[in-house]
Amino acid sequence: MEQPNYLNISNLKITIFQAYLFWENTDKNLQNLGLRLSMGIKEKTDLIILPEMFNTGFSMNAEGLAEEMNGKTMQWMQDTARKYDCVVTGSLIIREDGHFYNRMIWMLPDGTYSTYDKRHLFGLGGEDKVYTAGKDKVTVDLRGWKIRLGICYDLRFPVWLRNQDNEYDLLLLIASWPDKRSAHWNALIPARAIENQSYVIGANRVGHDGKEVYHSGHSQCIDPMGKTIYYKPEDEDLYTFSINYEELVRTRRSFPFLKDADQFELK
């Protein structure tokens with residue numbers, strides 16, 4: 001796929017909120033996230049990224065926590081996107097047609113949205129026993145940037161995330177990735193960036209969850225050459241940075257590795 005003229009695509013300003021989450025307490029999380037955003041957003045941004053299950057923590061209590069698509073968290077996302085005039089993204093537990101989904105929402109300022117249902121469910125934690133896996137890859141557009149959506153465990157599956165024919169410019173993964181496997185997180189994110197010649201963002205949470213699993217953050221943005229643009233371990237952080245489209249195009253033109261890649265499709 002031929003890249004559009006980079007002169008027509010501006011840099012993208014992105015805000016990662018590496019948040020502490022209150023266990024299974026939607027009201028408290030939404031209140032706290034809203035307060036922290038109002039205190040921390042100091043400049044115009046194009047995108048606010050929240051962690052996986054940002055309103056509850058990574059819980060298997062879907063029956064007690066799930067919301068409908070017109071629920072309070074969706075309304076909060078609509079209000080927040082409108083307030084900051086930007087896209088807001090994160091995942092929450094959704095009940096739909098008798099199934100539960102770990103669903104990532106891509107909320108636009110006008111209240112319209114796209115969704116991605118987590119494809120790879122974390123069997124070690126019993127996620128596959130509670131939630132229904134998604135089937136579709138989802139790529140969204142933001143100011144000319146093609147952005148591929150993913151959630152946490154998807155990071156371990158490079159075939160699912162393969163950037164065939166330059167179909168995306170940025171791979172965005174939201175997560176609730178535990179500290180005890182942070183070495184894997186820190187290795188796989190740069191690997192995905194280098195092999196797919198794209199920016200990769202991993203947005204994680206911090207703090208202990210209700211099962212005393214500790215999360216140490218390590219949210220990061222890696223450029224197509226494997227260089228770190230943003231990296232934050234341990235502490236809660238709300239940080240805004242930019243990624244450069246001209247640099248992406250220059251990298252792909254200078255090192256056209258993807259044209260030599262194997263052609264295949266995941267069935």
# chains A, B, ... in the order shown; residues from 1 in each chain; ligands from 1

call {"tool": "residues_around", "arguments": {"residues": "range 167-182 of chain A", "least_positions_apart": "2", "cutoff": "7 Å", "atoms": "only C-alpha atoms", "output": "PyMOL selection string"}}
result
chain A and resi 1+51-52+58+90+145-152+163-165+184-186+198-205+213-216

call {"tool": "write_last_selection", "arguments": {"atoms": "C-alpha atoms", "output": "short mmCIF file (atom, residue, chain, number, x, y, z; two decimals), in the first residue's frame"}}
result
data_model
loop_
_atom_site.label_atom_id
_atom_site.label_comp_id
_atom_site.auth_asym_id
_atom_site.auth_seq_id
_atom_site.Cartn_x
_atom_site.Cartn_y
_atom_site.Cartn_z
CA MET A 1 0.00 0.00 0.00
CA PRO A 51 -5.56 1.44 30.18
CA GLU A 52 -7.39 -1.84 29.63
CA PHE A 58 -8.85 -6.28 34.86
CA GLY A 90 -9.64 2.52 26.48
CA TRP A 145 -2.70 8.36 10.49
CA LYS A 146 -3.78 4.72 10.21
CA ILE A 147 -3.93 3.26 13.72
CA ARG A 148 -4.30 -0.45 14.51
CA LEU A 149 -6.04 -1.24 17.80
CA GLY A 150 -4.99 -4.00 20.19
CA ILE A 151 -5.35 -5.05 23.81
CA CYS A 152 -2.68 -6.40 26.18
CA ASN A 163 1.65 -4.91 9.22
CA GLN A 164 1.07 -6.28 5.75
CA ASP A 165 1.33 -3.74 2.94
CA HIS A 184 8.38 -9.53 28.19
CA TRP A 185 6.44 -6.29 27.70
CA ASN A 186 9.66 -4.30 27.36
CA SER A 198 5.56 1.44 12.66
CA TYR A 199 5.25 3.40 15.84
CA VAL A 200 4.07 1.24 18.72
CA ILE A 201 2.44 2.54 21.88
CA GLY A 202 1.82 0.38 24.93
CA ALA A 203 -0.33 2.06 27.61
CA ASN A 204 -0.38 0.18 30.90
CA ARG A 205 -1.73 0.78 34.41
CA VAL A 213 -1.26 -8.42 41.37
CA TYR A 214 1.16 -5.52 41.02
CA HIS A 215 1.37 -3.45 37.83
CA SER A 216 4.45 -1.30 37.31
#

call {"tool": "closest_residue", "arguments": {"among": "A:Ile194, A:Cys86, A:Ala66, A:Leu35", "to": "Leu258 in chain A", "atoms": "only C-alpha atoms"}}
result
A:Ile194

call {"tool": "residues_around", "arguments": {"residues": "Pro158 in chain A", "least_positions_apart": "6", "cutoff": "10 Å", "atoms": "only C-alpha atoms", "output": "count of residues only"}}
result
5

call {"tool": "closest_residue", "arguments": {"among": "A:Glu247, A:Glu212, A:Asp154, A:Glu63", "to": "Phe122 in chain A", "atoms": "only C-alpha atoms"}}
result
A:Asp154

call {"tool": "closest_atom_pairs", "arguments": {"of": "range 110-184 of chain A", "to": "range 72-84 of chain A", "cutoff": "12 Å", "atoms": "only C-alpha atoms", "output": "Markdown table"}}
result
| residue | atom | partner | partner_atom | distance |
| --- | --- | --- | --- | --- |
| A:Asp110 | CA | A:Arg82 | CA | 6.6 |
| A:Gly111 | CA | A:Gln78 | CA | 5.3 |
| A:Thr112 | CA | A:Gln78 | CA | 8.2 |
| A:Tyr113 | CA | A:Gln78 | CA | 9.0 |
| A:Ser114 | CA | A:Met74 | CA | 11.9 |
| A:Thr115 | CA | A:Met74 | CA | 11.6 |

call {"tool": "closest_residue", "arguments": {"among": "A:Leu161, A:Ile41, A:Ala62, A:Leu155", "to": "Thr139 in chain A", "atoms": "only C-alpha atoms"}}
result
A:Leu161

call {"tool": "atom_distance", "arguments": {"atom1": "CA of Asp136 in chain A", "atom2": "CA of Lys118 in chain A"}}
result
9.1 Å

call {"tool": "residues_around", "arguments": {"residues": "Ser59 in chain A", "least_positions_apart": "6", "cutoff": "9 Å", "atoms": "only C-alpha atoms", "output": "list in words"}}
result
Trp23, Glu24, Met53, Leu65, Ile93, Glu127, Asp209 and Gly210 of chain A

call {"tool": "write_last_selection", "arguments": {"atoms": "N, CA and C atoms", "output": "JSON list (two decimals), in the first residue's frame"}}
result
[["chain", "number", "residue", "atom", "x", "y", "z"],
["A", 23, "TRP", "N", -10.18, -0.97, 42.35],
["A", 23, "TRP", "CA", -10.66, -2.29, 41.99],
["A", 23, "TRP", "C", -12.19, -2.35, 41.96],
["A", 24, "GLU", "N", -12.72, -2.67, 40.79],
["A", 24, "GLU", "CA", -14.14, -2.93, 40.57],
["A", 24, "GLU", "C", -15.03, -1.79, 41.07],
["A", 53, "MET", "N", -9.63, -1.99, 30.60],
["A", 53, "MET", "CA", -10.65, -2.01, 31.66],
["A", 53, "MET", "C", -10.40, -0.87, 32.65],
["A", 65, "LEU", "N", -20.13, -6.37, 36.66],
["A", 65, "LEU", "CA", -19.53, -5.10, 36.24],
["A", 65, "LEU", "C", -19.87, -4.67, 34.82],
["A", 93, "ILE", "N", -15.78, -3.56, 30.12],
["A", 93, "ILE", "CA", -16.54, -4.80, 30.01],
["A", 93, "ILE", "C", -17.92, -4.47, 29.45],
["A", 127, "GLU", "N", -9.59, -15.48, 31.46],
["A", 127, "GLU", "CA", -10.35, -14.54, 30.65],
["A", 127, "GLU", "C", -11.15, -15.25, 29.56],
["A", 209, "ASP", "N", -4.00, -4.69, 41.96],
["A", 209, "ASP", "CA", -5.42, -4.90, 41.72],
["A", 209, "ASP", "C", -6.03, -5.63, 42.91],
["A", 210, "GLY", "N", -7.28, -6.05, 42.78],
["A", 210, "GLY", "CA", -7.97, -6.69, 43.90],
["A", 210, "GLY", "C", -7.48, -8.08, 44.22]]

call {"tool": "select_by_dssp", "arguments": {"residues": "range 61-128 of chain A", "states": "strand (DSSP E)", "output": "PyMOL selection string"}}
result
chain A and resi 87-96+99-107+113-117

call {"tool": "write_last_selection", "arguments": {"atoms": "N, CA and C atoms", "output": "PDB file, in the first residue's frame"}}
result
ATOM      1  N   VAL A  87      -9.890  12.385  20.481  1.00  0.00           N
ATOM      2  CA  VAL A  87     -10.303  10.994  20.633  1.00  0.00           C
ATOM      3  C   VAL A  87      -9.917  10.511  22.025  1.00  0.00           C
ATOM      4  N   VAL A  88     -10.783   9.723  22.635  1.00  0.00           N
ATOM      5  CA  VAL A  88     -10.493   9.055  23.907  1.00  0.00           C
ATOM      6  C   VAL A  88     -10.651   7.562  23.680  1.00  0.00           C
ATOM      7  N   THR A  89      -9.651   6.785  24.126  1.00  0.00           N
ATOM      8  CA  THR A  89      -9.726   5.345  23.927  1.00  0.00           C
ATOM      9  C   THR A  89      -9.321   4.593  25.181  1.00  0.00           C
ATOM     10  N   GLY A  90      -9.904   3.416  25.361  1.00  0.00           N
ATOM     11  CA  GLY A  90      -9.643   2.519  26.480  1.00  0.00           C
ATOM     12  C   GLY A  90     -10.638   1.385  26.363  1.00  0.00           C
ATOM     13  N   SER A  91     -10.528   0.365  27.211  1.00  0.00           N
ATOM     14  CA  SER A  91     -11.483  -0.744  27.118  1.00  0.00           C
ATOM     15  C   SER A  91     -12.299  -0.869  28.389  1.00  0.00           C
ATOM     16  N   LEU A  92     -13.455  -1.510  28.239  1.00  0.00           N
ATOM     17  CA  LEU A  92     -14.341  -1.778  29.365  1.00  0.00           C
ATOM     18  C   LEU A  92     -15.097  -3.069  29.097  1.00  0.00           C
ATOM     19  N   ILE A  93     -15.775  -3.561  30.121  1.00  0.00           N
ATOM     20  CA  ILE A  93     -16.543  -4.799  30.007  1.00  0.00           C
ATOM     21  C   ILE A  93     -17.925  -4.471  29.449  1.00  0.00           C
ATOM     22  N   ILE A  94     -18.243  -5.089  28.327  1.00  0.00           N
ATOM     23  CA  ILE A  94     -19.516  -4.844  27.653  1.00  0.00           C
ATOM     24  C   ILE A  94     -20.338  -6.132  27.581  1.00  0.00           C
ATOM     25  N   ARG A  95     -21.612  -6.002  27.899  1.00  0.00           N
ATOM     26  CA  ARG A  95     -22.570  -7.102  27.716  1.00  0.00           C
ATOM     27  C   ARG A  95     -23.361  -6.839  26.439  1.00  0.00           C
ATOM     28  N   GLU A  96     -23.385  -7.832  25.550  1.00  0.00           N
ATOM     29  CA  GLU A  96     -24.088  -7.665  24.279  1.00  0.00           C
ATOM     30  C   GLU A  96     -24.539  -9.023  23.761  1.00  0.00           C
ATOM     31  N   HIS A  99     -23.431 -12.161  25.541  1.00  0.00           N
ATOM     32  CA  HIS A  99     -21.995 -12.390  25.673  1.00  0.00           C
ATOM     33  C   HIS A  99     -21.343 -11.203  26.378  1.00  0.00           C
ATOM     34  N   PHE A 100     -20.156 -11.467  26.967  1.00  0.00           N
ATOM     35  CA  PHE A 100     -19.337 -10.415  27.550  1.00  0.00           C
ATOM     36  C   PHE A 100     -18.101 -10.209  26.688  1.00  0.00           C
ATOM     37  N   TYR A 101     -17.728  -8.945  26.521  1.00  0.00           N
ATOM     38  CA  TYR A 101     -16.569  -8.602  25.696  1.00  0.00           C
ATOM     39  C   TYR A 101     -15.646  -7.652  26.458  1.00  0.00           C
ATOM     40  N   ASN A 102     -14.352  -7.840  26.267  1.00  0.00           N
ATOM     41  CA  ASN A 102     -13.359  -6.852  26.675  1.00  0.00           C
ATOM     42  C   ASN A 102     -13.208  -5.944  25.456  1.00  0.00           C
ATOM     43  N   ARG A 103     -13.936  -4.845  25.472  1.00  0.00           N
ATOM     44  CA  ARG A 103     -14.118  -4.042  24.257  1.00  0.00           C
ATOM     45  C   ARG A 103     -13.384  -2.702  24.348  1.00  0.00           C
ATOM     46  N   MET A 104     -12.542  -2.452  23.383  1.00  0.00           N
ATOM     47  CA  MET A 104     -11.841  -1.179  23.261  1.00  0.00           C
ATOM     48  C   MET A 104     -12.722  -0.213  22.481  1.00  0.00           C
ATOM     49  N   ILE A 105     -12.884   0.971  23.042  1.00  0.00           N
ATOM     50  CA  ILE A 105     -13.711   2.003  22.430  1.00  0.00           C
ATOM     51  C   ILE A 105     -12.817   3.107  21.882  1.00  0.00           C
ATOM     52  N   TRP A 106     -13.084   3.512  20.663  1.00  0.00           N
ATOM     53  CA  TRP A 106     -12.378   4.621  20.019  1.00  0.00           C
ATOM     54  C   TRP A 106     -13.408   5.727  19.858  1.00  0.00           C
ATOM     55  N   MET A 107     -13.464   6.616  20.860  1.00  0.00           N
ATOM     56  CA  MET A 107     -14.528   7.608  20.953  1.00  0.00           C
ATOM     57  C   MET A 107     -14.107   8.945  20.358  1.00  0.00           C
ATOM     58  N   TYR A 113     -18.188   6.440  17.381  1.00  0.00           N
ATOM     59  CA  TYR A 113     -17.094   5.613  17.882  1.00  0.00           C
ATOM     60  C   TYR A 113     -16.908   4.366  17.022  1.00  0.00           C
ATOM     61  N   SER A 114     -15.720   3.781  17.155  1.00  0.00           N
ATOM     62  CA  SER A 114     -15.409   2.462  16.621  1.00  0.00           C
ATOM     63  C   SER A 114     -15.092   1.546  17.802  1.00  0.00           C
ATOM     64  N   THR A 115     -15.164   0.237  17.581  1.00  0.00           N
ATOM     65  CA  THR A 115     -14.882  -0.706  18.661  1.00  0.00           C
ATOM     66  C   THR A 115     -13.961  -1.824  18.182  1.00  0.00           C
ATOM     67  N   TYR A 116     -13.188  -2.344  19.131  1.00  0.00           N
ATOM     68  CA  TYR A 116     -12.363  -3.526  18.883  1.00  0.00           C
ATOM     69  C   TYR A 116     -12.538  -4.469  20.065  1.00  0.00           C
ATOM     70  N   ASP A 117     -12.959  -5.700  19.797  1.00  0.00           N
ATOM     71  CA  ASP A 117     -13.087  -6.714  20.833  1.00  0.00           C
ATOM     72  C   ASP A 117     -11.798  -7.529  20.900  1.00  0.00           C
TER      73      ASP A 117
END

call {"tool": "closest_residue", "arguments": {"among": "A:Pro256, A:Pro224, A:Gly57, A:Gly134", "to": "Leu21 in chain A", "atoms": "only C-alpha atoms"}}
result
A:Gly57

call {"tool": "residues_around", "arguments": {"residues": "range 242-246 of chain A", "least_positions_apart": "6", "cutoff": "10 Å", "atoms": "only C-alpha atoms", "output": "ChimeraX atom specification"}}
result
/A:5-15,45-46,144-145,169-170,199,221-223,229-230

call {"tool": "write_last_selection", "arguments": {"atoms": "N, CA and C atoms", "output": "compact mmCIF listing (two decimals), in the first residue's frame"}}
result
# COMPACT_ATOMS: atom_id res chain seq x y z
N ASN A 5 1.18 11.29 0.71
CA ASN A 5 2.19 12.34 0.79
C ASN A 5 2.27 12.86 2.22
N TYR A 6 3.44 12.71 2.84
CA TYR A 6 3.55 13.08 4.25
C TYR A 6 3.38 14.58 4.46
N LEU A 7 3.52 15.38 3.40
CA LEU A 7 3.34 16.82 3.56
C LEU A 7 1.90 17.16 3.92
N ASN A 8 0.98 16.22 3.65
CA ASN A 8 -0.43 16.46 3.95
C ASN A 8 -0.84 15.92 5.31
N ILE A 9 0.09 15.29 6.04
CA ILE A 9 -0.22 14.67 7.32
C ILE A 9 0.69 15.27 8.39
N SER A 10 0.09 15.83 9.41
CA SER A 10 0.86 16.50 10.45
C SER A 10 1.23 15.52 11.57
N ASN A 11 2.13 15.96 12.42
CA ASN A 11 2.48 15.15 13.59
C ASN A 11 1.23 14.92 14.44
N LEU A 12 1.25 13.83 15.18
CA LEU A 12 0.13 13.48 16.04
C LEU A 12 0.54 13.70 17.49
N LYS A 13 -0.30 14.43 18.21
CA LYS A 13 -0.04 14.69 19.63
C LYS A 13 -0.87 13.71 20.46
N ILE A 14 -0.19 12.98 21.33
CA ILE A 14 -0.80 11.86 22.04
C ILE A 14 -0.58 12.02 23.54
N THR A 15 -1.62 11.73 24.32
CA THR A 15 -1.54 11.76 25.78
C THR A 15 -1.80 10.37 26.33
N THR A 45 -4.47 18.14 22.67
CA THR A 45 -3.99 16.83 22.28
C THR A 45 -4.96 16.23 21.27
N ASP A 46 -4.48 15.26 20.48
CA ASP A 46 -5.32 14.59 19.50
C ASP A 46 -5.94 13.32 20.05
N GLY A 144 -5.29 11.42 9.26
CA GLY A 144 -4.51 10.81 8.20
C GLY A 144 -3.64 9.66 8.65
N TRP A 145 -3.46 9.48 9.95
CA TRP A 145 -2.70 8.36 10.49
C TRP A 145 -3.60 7.12 10.53
N ASP A 169 0.14 2.75 10.53
CA ASP A 169 1.30 3.59 10.86
C ASP A 169 1.64 3.55 12.34
N LEU A 170 0.63 3.24 13.14
CA LEU A 170 0.78 3.19 14.59
C LEU A 170 0.01 2.00 15.12
N TYR A 199 5.23 3.03 14.43
CA TYR A 199 5.25 3.40 15.84
C TYR A 199 4.43 2.38 16.61
N CYS A 221 6.33 4.55 24.12
CA CYS A 221 6.15 4.73 22.68
C CYS A 221 7.50 4.49 22.02
N ILE A 222 7.52 3.61 21.04
CA ILE A 222 8.73 3.24 20.31
C ILE A 222 8.55 3.62 18.84
N ASP A 223 9.58 4.21 18.23
CA ASP A 223 9.46 4.60 16.83
C ASP A 223 9.83 3.44 15.91
N ILE A 229 10.61 6.96 22.44
CA ILE A 229 10.12 8.34 22.47
C ILE A 229 9.59 8.68 23.86
N TYR A 230 8.95 7.71 24.48
CA TYR A 230 8.40 7.90 25.83
C TYR A 230 8.48 6.59 26.58

call {"tool": "closest_residue", "arguments": {"among": "A:Asn29, A:Asn166, A:Thr56, A:Gln220", "to": "Phe257 in chain A", "atoms": "only C-alpha atoms"}}
result
A:Asn166

call {"tool": "closest_residue", "arguments": {"among": "A:Tyr20, A:Asp85, A:Asp260, A:Gly226", "to": "Leu248 in chain A", "atoms": "only C-alpha atoms"}}
result
A:Gly226
